[in-house]
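Data block below; observations after.
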Amino acid sequence: MSASDTGGVKPMSIAGRMVRERERLIGMTDEERAWRKQWLKDLEIHHGPRAVPALERELQNPIKRFYRMPLDKLCDVLTPVLGHGRAFAIRFWTGKIGLFLGAVYGGFYYFKYNQNDWTRKGGWRVVSSRVACNPGDPGFPQLSERTKPSDYGARGFKKSPI
């Protein structure tokens with residue numbers, strides 16, 4: 001069974017007999033002309049977004065409205081000056097750039113202050129490899145900087161100020 005009684009087809013034409021050019025050429029009364037003029041005017045599509053505050057409140061929960069509020073206010077201030085399209089683009093890209101910078105700063109902070117060293121078990125451990133040294137390169141028999149067995153696995157203990 002279909003979702004509608006007519007199977008997705010309109011049950012009747014709302015355009016009336018005036019939708020066909022031949023019918024209009026036969027002759028139209030003043031009432032039909034007024035109806036046709038109003039019908040054509042009703043078909044015009046209004047461009048641009050329509051903001052319905054009640055619908056926005058219904059679709060966005062209070063938490064989302066709270067964290068969107070600062071950039072929405074910025075967009076409201078810029079709209080009379082720049083127009084809705086440009087103001088919305090600035091609002092959109094400001095949010096994306098802010099999230100990106102926050103992630104970069106958060107990652108930098110985490111890697112700087114949460115390193116895996118001898119004082120803790122957790123955190124990121126950064127290990128650098130030796131530079132490759134092939135036969136014929138200057139300083140070919142490159143030896144390791146670790147000269148004693150206590151140099152291995154020190155995890156920064158020898159550099160500590162203790």
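Each chain in the structure tokens gets a letter, A, B, ..., in the order shown, and its residues are numbered from 1; ligands are numbered from 1 in order too.
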Going by DSSP on the backbone, which bits of chain A are alpha helix (DSSP H)? Write them as a PyMOL selection string, please. chain A and resi 21-26+30-43+53-59+62-82+84-113
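The two atoms in question, atom CA of A:Arg155 and atom CA of A:Arg125, are spaced 8.9 Å apart.
Closest approach to A:Phe111 among A:Trp124, A:Gly7, A:Arg57, A:Phe92 is made by A:Trp124 (distances from only C-alpha atoms).
From atom CA of A:Ser144 back to atom CA of A:Phe157, the distance works out to 18.5 Å.
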